[in-house]
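What follows is the content of model_27.cif (mmCIF, C-alpha atoms).
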data_model
#
loop_
_atom_site.label_atom_id
_atom_site.label_comp_id
_atom_site.auth_asym_id
_atom_site.auth_seq_id
_atom_site.Cartn_x
_atom_site.Cartn_y
_atom_site.Cartn_z
CA MET A 1 166.97 140.51 79.23
CA THR A 2 165.68 138.30 82.02
CA ILE A 3 162.14 138.84 83.22
CA THR A 4 161.42 137.88 86.81
CA SER A 5 158.09 137.73 88.53
CA GLU A 6 157.46 138.37 92.19
CA VAL A 7 154.92 136.43 94.21
CA ALA A 8 153.08 138.58 96.69
CA PRO A 9 153.70 137.47 100.28
CA ALA A 10 150.86 135.72 102.03
CA THR A 11 148.79 137.83 104.38
CA ALA A 12 146.90 136.90 107.50
CA MET A 13 143.15 136.34 107.22
CA THR A 14 140.41 136.58 109.85
CA ARG A 15 136.72 135.78 109.53
CA THR A 16 133.85 135.84 112.03
CA TYR A 17 130.86 133.49 112.11
CA ASP A 18 127.64 133.27 114.13
CA LEU A 19 126.81 129.72 115.20
CA SER A 20 123.21 128.46 115.13
CA VAL A 21 121.27 126.70 117.87
CA THR A 22 120.71 123.04 117.08
CA THR A 23 119.98 119.64 118.59
CA GLN A 24 121.40 117.75 115.62
CA GLY A 25 124.72 116.30 114.56
CA PRO A 26 124.44 114.38 111.29
CA LEU A 27 120.94 113.70 109.95
CA TYR A 28 120.80 110.30 111.68
CA PRO A 29 119.88 110.06 114.44
CA PRO A 30 117.68 113.04 113.56
CA SER A 31 118.50 114.69 116.89
CA GLU A 32 120.80 114.27 119.88
CA ILE A 33 117.89 115.15 122.19
CA VAL A 34 114.55 113.40 122.80
CA ASP A 35 111.49 114.35 124.83
CA GLU A 36 109.91 112.36 127.64
CA ASN A 37 108.09 110.21 125.05
CA GLY A 38 111.33 109.26 123.32
CA ASP A 39 110.55 111.36 120.23
CA PHE A 40 113.35 113.35 118.63
CA VAL A 41 113.31 117.10 119.32
CA VAL A 42 114.91 118.34 116.12
CA ILE A 43 116.40 121.76 115.46
CA GLY A 44 118.43 121.42 112.30
CA ARG A 45 117.92 120.00 108.84
CA ILE A 46 114.50 118.35 108.50
CA ASN A 47 114.13 115.64 105.86
CA ARG A 48 110.84 116.15 104.03
CA PRO A 49 109.31 114.72 100.83
CA GLY A 50 110.43 116.66 97.77
CA PRO A 51 109.42 116.67 94.12
CA ASP A 52 109.69 113.49 92.05
CA GLY A 53 110.15 111.30 95.09
CA ALA A 54 113.30 113.09 96.24
CA THR A 55 114.07 114.07 99.84
CA VAL A 56 114.62 117.73 100.67
CA SER A 57 116.63 118.73 103.76
CA GLU A 58 115.95 122.27 104.95
CA TRP A 59 116.69 123.97 108.26
CA GLY A 60 113.73 123.94 110.61
CA SER A 61 112.35 122.40 113.81
CA ALA A 62 110.00 119.49 114.39
CA VAL A 63 109.22 116.54 116.63
CA VAL A 64 110.22 113.38 114.76
CA SER A 65 109.35 109.75 115.44
CA PRO A 66 112.21 107.39 116.39
CA GLY A 67 110.51 104.95 114.04
CA SER A 68 111.37 107.07 111.00
CA PRO A 69 112.72 105.04 108.06
CA LEU A 70 116.48 104.59 108.24
CA PRO A 71 118.50 104.71 105.00
CA PRO A 72 122.16 103.70 104.57
CA LEU A 73 124.82 106.21 105.62
CA GLY A 74 125.01 109.04 103.10
CA GLN A 75 121.40 108.73 101.95
CA ASN A 76 118.28 110.50 103.22
CA LEU A 77 114.61 109.61 103.54
CA PRO A 78 111.75 111.81 104.76
CA TYR A 79 111.38 111.85 108.53
CA ASP A 80 108.15 110.71 110.14
CA ILE A 81 107.22 114.17 111.43
CA LEU A 82 104.83 114.06 114.36
CA ARG A 83 104.36 117.82 114.50
CA GLU A 84 106.11 121.09 113.80
CA LEU A 85 108.00 122.66 116.70
CA ASP A 86 107.68 126.28 117.85
CA CYS A 87 111.12 127.39 119.07
CA ALA A 88 110.64 131.13 118.53
CA ASP A 89 107.92 131.83 121.12
CA PRO A 90 109.28 131.61 124.70
CA THR A 91 105.71 131.41 126.01
CA SER A 92 104.69 128.44 123.84
CA ALA A 93 104.02 125.00 125.29
CA ASP A 94 107.00 123.69 123.33
CA SER A 95 109.36 125.85 125.38
CA GLU A 96 108.43 123.73 128.42
CA THR A 97 109.50 120.47 126.76
CA GLN A 98 111.93 118.71 129.09
CA LEU A 99 115.02 117.45 127.27
CA HIS A 100 116.43 113.94 127.58
CA THR A 101 119.40 111.90 126.41
CA LEU A 102 118.95 109.25 123.73
CA PRO A 103 118.70 105.65 124.93
CA LEU A 104 121.40 103.14 124.08
CA PRO A 105 121.67 101.62 121.57
CA LEU A 106 120.95 104.81 119.69
CA PRO A 107 117.62 104.81 117.82
CA CYS A 108 117.44 105.62 114.10
CA ASN A 109 121.24 105.56 113.80
CA ASN A 110 123.19 104.61 110.65
CA TYR A 111 126.62 105.91 111.68
CA PRO A 112 128.92 102.90 112.32
CA MET A 113 131.52 104.79 114.34
CA LEU A 114 133.30 104.00 117.58
CA PHE A 115 134.05 107.39 119.07
CA ALA A 116 136.47 106.17 121.78
CA PRO A 117 137.99 102.92 120.45
CA GLU A 118 140.71 102.80 123.13
CA GLN A 119 138.49 103.82 126.04
CA ARG A 120 135.18 102.15 125.16
CA PRO A 121 135.49 99.53 122.41
CA ASP A 122 132.19 97.98 123.55
CA ALA A 123 130.17 101.20 123.15
CA HIS A 124 127.80 99.65 120.60
CA GLU A 125 126.92 96.84 123.03
CA VAL A 126 125.86 99.05 125.96
CA ARG A 127 122.14 99.29 126.74
CA ARG A 128 120.77 102.19 128.78
CA PRO A 129 117.45 104.01 129.00
CA SER A 130 116.89 107.65 128.17
CA TYR A 131 117.54 110.05 131.06
CA PRO A 132 116.53 113.67 131.66
CA LEU A 133 119.56 115.75 130.74
CA HIS A 134 119.96 116.93 134.32
CA GLY A 135 119.65 113.36 135.63
CA ALA A 136 122.14 111.47 133.46
CA PRO A 137 124.08 109.00 135.65
CA ILE A 138 127.43 110.76 136.10
CA PRO A 139 129.98 108.01 136.80
CA ASP A 140 131.06 107.72 140.46
CA LEU A 141 128.91 110.71 141.46
CA ARG A 142 128.15 111.17 145.16
CA GLU A 143 125.59 113.69 146.30
CA GLU A 144 128.00 115.09 148.88
CA ASP A 145 130.39 116.08 146.08
CA GLY A 146 128.01 118.80 144.96
CA PRO A 147 126.55 118.27 141.47
CA LYS A 148 125.85 121.69 139.96
CA VAL A 149 123.22 120.88 137.32
CA ARG A 150 120.10 119.98 139.31
CA ALA A 151 117.09 121.53 137.57
CA PRO A 152 115.36 120.04 134.51
CA ILE A 153 116.61 121.50 131.23
CA MET A 154 113.80 122.76 129.02
CA LEU A 155 113.76 123.54 125.31
CA GLY A 156 113.12 127.23 126.02
CA GLN A 157 116.41 127.38 127.91
CA TRP A 158 118.32 125.35 125.31
CA VAL A 159 117.49 127.70 122.44
CA LYS A 160 118.87 130.78 124.24
CA ALA A 161 122.45 129.72 123.41
CA ARG A 162 124.47 132.07 121.20
CA ALA A 163 128.05 131.90 119.97
CA GLN A 164 130.40 133.90 117.80
CA LEU A 165 133.46 132.25 116.30
CA GLU A 166 136.55 134.06 115.03
CA VAL A 167 138.91 132.08 112.80
CA HIS A 168 142.37 133.53 112.18
CA VAL A 169 144.98 132.12 109.80
CA PRO A 170 148.39 133.81 110.24
CA ALA A 171 150.52 134.80 107.27
CA HIS A 172 152.65 131.64 107.61
CA ARG A 173 149.43 129.58 107.07
CA ARG A 174 150.68 126.58 109.05
CA ALA A 175 147.85 126.69 111.59
CA ALA A 176 144.55 128.36 112.40
CA ASP A 177 143.30 129.93 115.61
CA PHE A 178 139.68 129.41 116.70
CA LYS A 179 138.20 131.76 119.30
CA PHE A 180 134.65 131.42 120.64
CA ALA A 181 132.51 133.71 122.80
CA PHE A 182 129.31 132.24 124.27
CA THR A 183 126.17 133.53 125.96
CA GLY A 184 122.94 131.82 126.97
CA LEU A 185 124.50 128.43 127.67
CA ILE A 186 123.22 126.02 130.33
CA PRO A 187 124.87 127.46 133.47
CA ASP A 188 127.63 125.66 135.38
CA SER A 189 127.97 122.93 132.76
CA LEU A 190 130.80 121.12 131.06
CA TYR A 191 130.92 121.75 127.32
CA THR A 192 133.28 120.53 124.63
CA VAL A 193 133.99 121.58 121.04
CA MET A 194 134.48 119.13 118.19
CA SER A 195 135.60 119.56 114.61
CA LEU A 196 133.75 118.02 111.68
CA ARG A 197 136.01 117.18 108.75
CA GLU A 198 135.08 116.60 105.14
CA HIS A 199 135.47 112.80 105.31
CA ASP A 200 133.87 112.23 108.72
CA LEU A 201 130.54 111.36 107.07
CA ASP A 202 131.95 109.74 103.92
CA PRO A 203 129.92 106.55 103.26
CA ALA A 204 132.93 104.95 101.56
CA GLY A 205 135.05 105.24 104.70
CA PRO A 206 134.06 107.72 107.41
CA THR A 207 136.81 109.17 109.57
CA ARG A 208 136.36 109.60 113.31
CA PRO A 209 135.28 113.10 114.42
CA GLY A 210 137.77 114.65 116.79
CA PRO A 211 138.14 117.41 119.36
CA LEU A 212 138.81 120.98 118.30
CA GLY A 213 141.92 121.23 120.44
CA VAL A 214 142.95 119.03 123.37
CA PRO A 215 141.70 119.54 126.00
CA ASN A 216 138.55 120.69 124.25
CA ALA A 217 136.57 121.42 127.41
CA PHE A 218 135.23 124.59 128.99
CA ILE A 219 132.73 125.35 131.75
CA SER A 220 129.93 127.89 131.46
CA ASP A 221 129.62 130.31 134.35
CA SER A 222 126.54 130.88 136.51
CA ASN A 223 125.16 133.26 133.84
CA GLY A 224 125.72 130.83 130.95
CA MET A 225 128.70 132.74 129.55
CA ALA A 226 132.03 131.27 128.45
CA HIS A 227 135.03 131.59 126.15
CA TYR A 228 137.07 128.95 124.37
CA ARG A 229 140.09 128.99 122.08
CA ALA A 230 142.16 126.41 120.22
CA THR A 231 144.90 126.28 117.59
CA LEU A 232 144.89 123.46 115.03
CA PRO A 233 147.83 122.58 112.77
CA ASN A 234 146.98 122.79 109.06
CA PRO A 235 143.18 122.40 109.41
CA PHE A 236 142.42 123.67 105.89
CA PRO A 237 144.69 121.89 103.37
CA ALA A 238 144.11 122.76 99.73
CA ALA A 239 141.54 120.70 97.87
CA GLY A 240 143.15 117.70 96.20
CA THR A 241 146.04 117.48 98.64
CA PRO A 242 146.79 113.76 99.16
CA GLY A 243 145.40 112.55 102.47
CA SER A 244 143.75 115.88 103.23
CA ASN A 245 140.72 116.05 105.52
CA ARG A 246 139.67 119.68 105.93
CA VAL A 247 137.75 121.01 108.90
CA ILE A 248 134.37 122.07 107.49
CA ASN A 249 132.36 122.74 110.65
CA VAL A 250 132.57 123.04 114.41
CA VAL A 251 130.03 121.71 116.92
CA VAL A 252 129.60 122.80 120.53
CA LEU A 253 128.46 119.91 122.73
CA TRP A 254 126.70 119.85 126.10
CA MET A 255 128.08 116.89 128.06
CA SER A 256 125.32 115.10 129.98
CA TYR A 257 127.81 112.91 131.87
CA GLN A 258 129.85 116.03 132.72
CA GLN A 259 133.00 114.33 131.41
CA ASN A 260 135.75 115.09 128.93
CA TYR A 261 137.24 112.18 127.00
CA GLY A 262 140.74 113.32 126.01
CA GLY A 263 141.27 112.53 122.35
CA ALA A 264 137.69 111.31 121.85
CA ILE A 265 134.56 113.44 121.63
CA GLY A 266 132.56 111.03 123.80
CA HIS A 267 132.01 107.38 124.60
CA PHE A 268 128.65 106.90 122.91
CA GLY A 269 128.23 110.05 120.85
CA LEU A 270 125.25 111.42 118.92
CA GLY A 271 122.96 111.95 121.90
CA GLY A 272 124.12 109.14 124.15
CA ASP A 273 126.48 111.33 126.17
CA ILE A 274 127.17 114.32 123.91
CA HIS A 275 124.51 116.74 122.70
CA ALA A 276 125.04 119.28 119.92
CA GLN A 277 123.76 122.72 120.93
CA LEU A 278 125.55 125.09 118.52
CA LYS A 279 127.11 124.71 115.08
CA LEU A 280 127.33 126.27 111.62
CA LYS A 281 124.41 125.38 109.38
CA GLY A 282 126.55 123.99 106.59
CA PRO A 283 130.10 123.32 105.37
CA SER A 284 132.27 126.40 105.94
CA PHE A 285 135.83 127.80 105.90
CA LEU A 286 136.31 127.37 102.13
CA GLU A 287 138.01 130.78 102.03
CA PHE A 288 140.95 129.48 104.06
CA THR A 289 143.96 127.44 102.92
CA THR A 290 146.69 126.20 105.24
CA ILE A 291 149.90 124.25 104.68
CA PRO A 292 151.88 121.65 106.65
CA ALA A 293 154.41 122.88 109.19
CA SER A 294 157.26 121.48 107.05
CA SER A 295 156.32 123.64 104.06
CA SER A 296 158.35 126.73 103.25
#

The structure given in the file should be rewritten as structure tokens.
Amino acid sequence: MTITSEVAPATAMTRTYDLSVTTQGPLYPPSEIVDENGDFVVIGRINRPGPDGATVSEWGSAVVSPGSPLPPLGQNLPYDILRELDCADPTSADSETQLHTLPLPLPCNNYPMLFAPEQRPDAHEVRRPSYPLHGAPIPDLREEDGPKVRAPIMLGQWVKARAQLEVHVPAHRRAADFKFAFTGLIPDSLYTVMSLREHDLDPAGPTRPGPLGVPNAFISDSNGMAHYRATLPNPFPAAGTPGSNRVINVVVLWMSYQQNYGGAIGHFGLGGDIHAQLKLKGPSFLEFTTIPASSS
């Protein structure tokens, strides 16, 4: 007698996530936003002294000195915290903090990445001051062309952003659909969405962060609302798959130069021209597994 076993057919899977307000990409630079004094305005993981000389990174908010000690990529040291930041009270003085871009070269940066190697191979050599977010020098801008973002952008407005993400993997498992719904964004602004993959911050050989879909741009309406969707081929290969580089997070970026960069996430990155406003607090999507399009 021959015994046969049947493998249950794969089924579709959908999960929903709430993104968190942030000003932070990786832990260095500590933030992609500074205040008028050039200090980092950090909403994200704050490096603090831990027991036995260790460094503890916990989600919080603080104003951090750009002179904080800078470790090698992949390591952490306690930030030089100037003061704690009150982001919960819309009537606090902190809510009136005007937000600025980071100067170039980026302060307190240990990430040796060219984000647009074909478009801007000299990005690390450019020197520019910090600008108010609403006053970043948009290339080739003429006043008669009607810039939409004119008012200073304050922390109290920044922290109103909300987003819900739905991830759907069909039964064939060759791709995944990402659908976002946004409220509370900076009105009439260009945003982009990037993916963070498991090796993008690997000290032994970081990979270049990429767009979540191309084009990865959307524009918030006059009420700060928007939607975005993208489909990625095989974004969640099984652990141990040769050459795999799973998507582990998504980051929603406010674009101070009001530009999209095709296959790059920005020219200068990390606060120079892109500014993280929403993301998941930690690595995610472990419940999903996808396969290459050629798989049966």

Checklist line | Counting only C-alpha atoms, the residue of A:Cys87, A:Ala276, A:Ala62, A:Ile43 that sits nearest Met194 (chain A) | finding: A:Ala276

Quick one: everything within 7 Å of region 15-32 of chain A, counting only C-alpha atoms, minus sequence neighbours fewer than 6 positions away in the same chain. Send it as a compact mmCIF listing (two decimals) with C-alpha atoms, keeping the file's coordinate frame.
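Listing of part01.txt after writing:
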# COMPACT_ATOMS: atom_id res chain seq x y z
CA PHE A 40 113.35 113.35 118.63
CA VAL A 41 113.31 117.10 119.32
CA VAL A 42 114.91 118.34 116.12
CA ILE A 43 116.40 121.76 115.46
CA GLY A 44 118.43 121.42 112.30
CA LEU A 102 118.95 109.25 123.73
CA PRO A 107 117.62 104.81 117.82
CA CYS A 108 117.44 105.62 114.10
CA ASN A 109 121.24 105.56 113.80
CA ASN A 110 123.19 104.61 110.65
CA VAL A 159 117.49 127.70 122.44
CA ALA A 161 122.45 129.72 123.41
CA ARG A 162 124.47 132.07 121.20
CA ALA A 163 128.05 131.90 119.97
CA GLN A 164 130.40 133.90 117.80
CA LEU A 165 133.46 132.25 116.30
CA GLU A 166 136.55 134.06 115.03
CA VAL A 167 138.91 132.08 112.80
CA HIS A 168 142.37 133.53 112.18
CA LEU A 270 125.25 111.42 118.92
CA GLY A 271 122.96 111.95 121.90
CA HIS A 275 124.51 116.74 122.70
CA ALA A 276 125.04 119.28 119.92
CA GLN A 277 123.76 122.72 120.93
CA LEU A 278 125.55 125.09 118.52
CA LYS A 279 127.11 124.71 115.08
CA LEU A 280 127.33 126.27 111.62
CA LYS A 281 124.41 125.38 109.38

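Using only C-alpha atoms, the protein and nucleic acid residues lying no more than 12 Å from Asn37 (chain A), apart from those fewer than 6 places from it along its own chain, are Val63, Val64, Ser65, Pro66, Leu82, Thr97, Gln98, Leu99, His100, Thr101, Leu102, Pro103, Pro129, Ser130, Tyr131 and Pro132 of chain A.
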
Next item on the list: One decimal, Å: what's the distance from CA of Pro283 (chain A) over to CA of Val193 (chain A), could you say?
Entry: 16.2 Å

Next item on the list: Might you spell out which residues the PyMOL selection byres ((chain A and resi 197) around 8) would select in the displayed file, as a PyMOL selection string?
Entry: chain A and resi 195-196+198-200+209+245-249

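By all atoms listed in the file, and with residues fewer than 6 positions from Ile138 (chain A) along its chain excluded, the set lying at most 9 Å from it is A:Ser256, A:Tyr257, A:Gln258, A:Gln259.
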
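Residue selection for this entry, given the PyMOL selection byres ((chain A and resi 289) around 7), comprises Phe236, Pro237, Ala238, Glu287, Phe288, Thr290 and Ile291 of chain A.
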
Item checked: Residues matched by the PyMOL selection byres ((chain A and resi 72) around 12), written as a VMD selection string -> chain A and resid 27 to 29 69 to 71 73 to 77 108 to 112 201 to 204

Margin query: So the first atom is CA of Ser61 (chain A) and the second is CA of Ile153 (chain A); what is the distance between them in Å, to one decimal place?
Written below: 18.0 Å

Next item on the list: Please provide the set of residues having any atom within 9 Å of Ser95 (chain A), restricted to only C-alpha atoms, with same-chain residues fewer than 6 positions apart removed, written as number ranges by chain.
Entry: A: 86-89, 154-159

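Taking CA of Ala12 (chain A) as the reference point, CA of Gly282 (chain A) is found at 24.1 Å.
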
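Comparing the minimum interatomic distances between Pro105 (chain A) and each of A:Gly263, A:Val252, A:Arg45, A:Gly269, counting only C-alpha atoms, we find that A:Gly269 sits nearest.
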
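Compared by their closest atoms to Ile219 (chain A), and using all atoms listed in the file, the residues A:Val149, A:Leu286, A:Ile265, A:Leu104 rank with A:Val149 nearest.
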
Notebook entry, point to check: Using all atoms listed in the file, which residues sit within 9 Å of Thr231 (chain A) once same-chain residues fewer than 2 positions away are excluded, as a PyMOL selection string?
Noted result: chain A and resi 175-179+212-213+229+233

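Minimum distance to Phe180 (chain A) across A:Ser92, A:Ser222, A:Gln119, A:Asn216 (counting all atoms listed in the file) occurs at A:Asn216.
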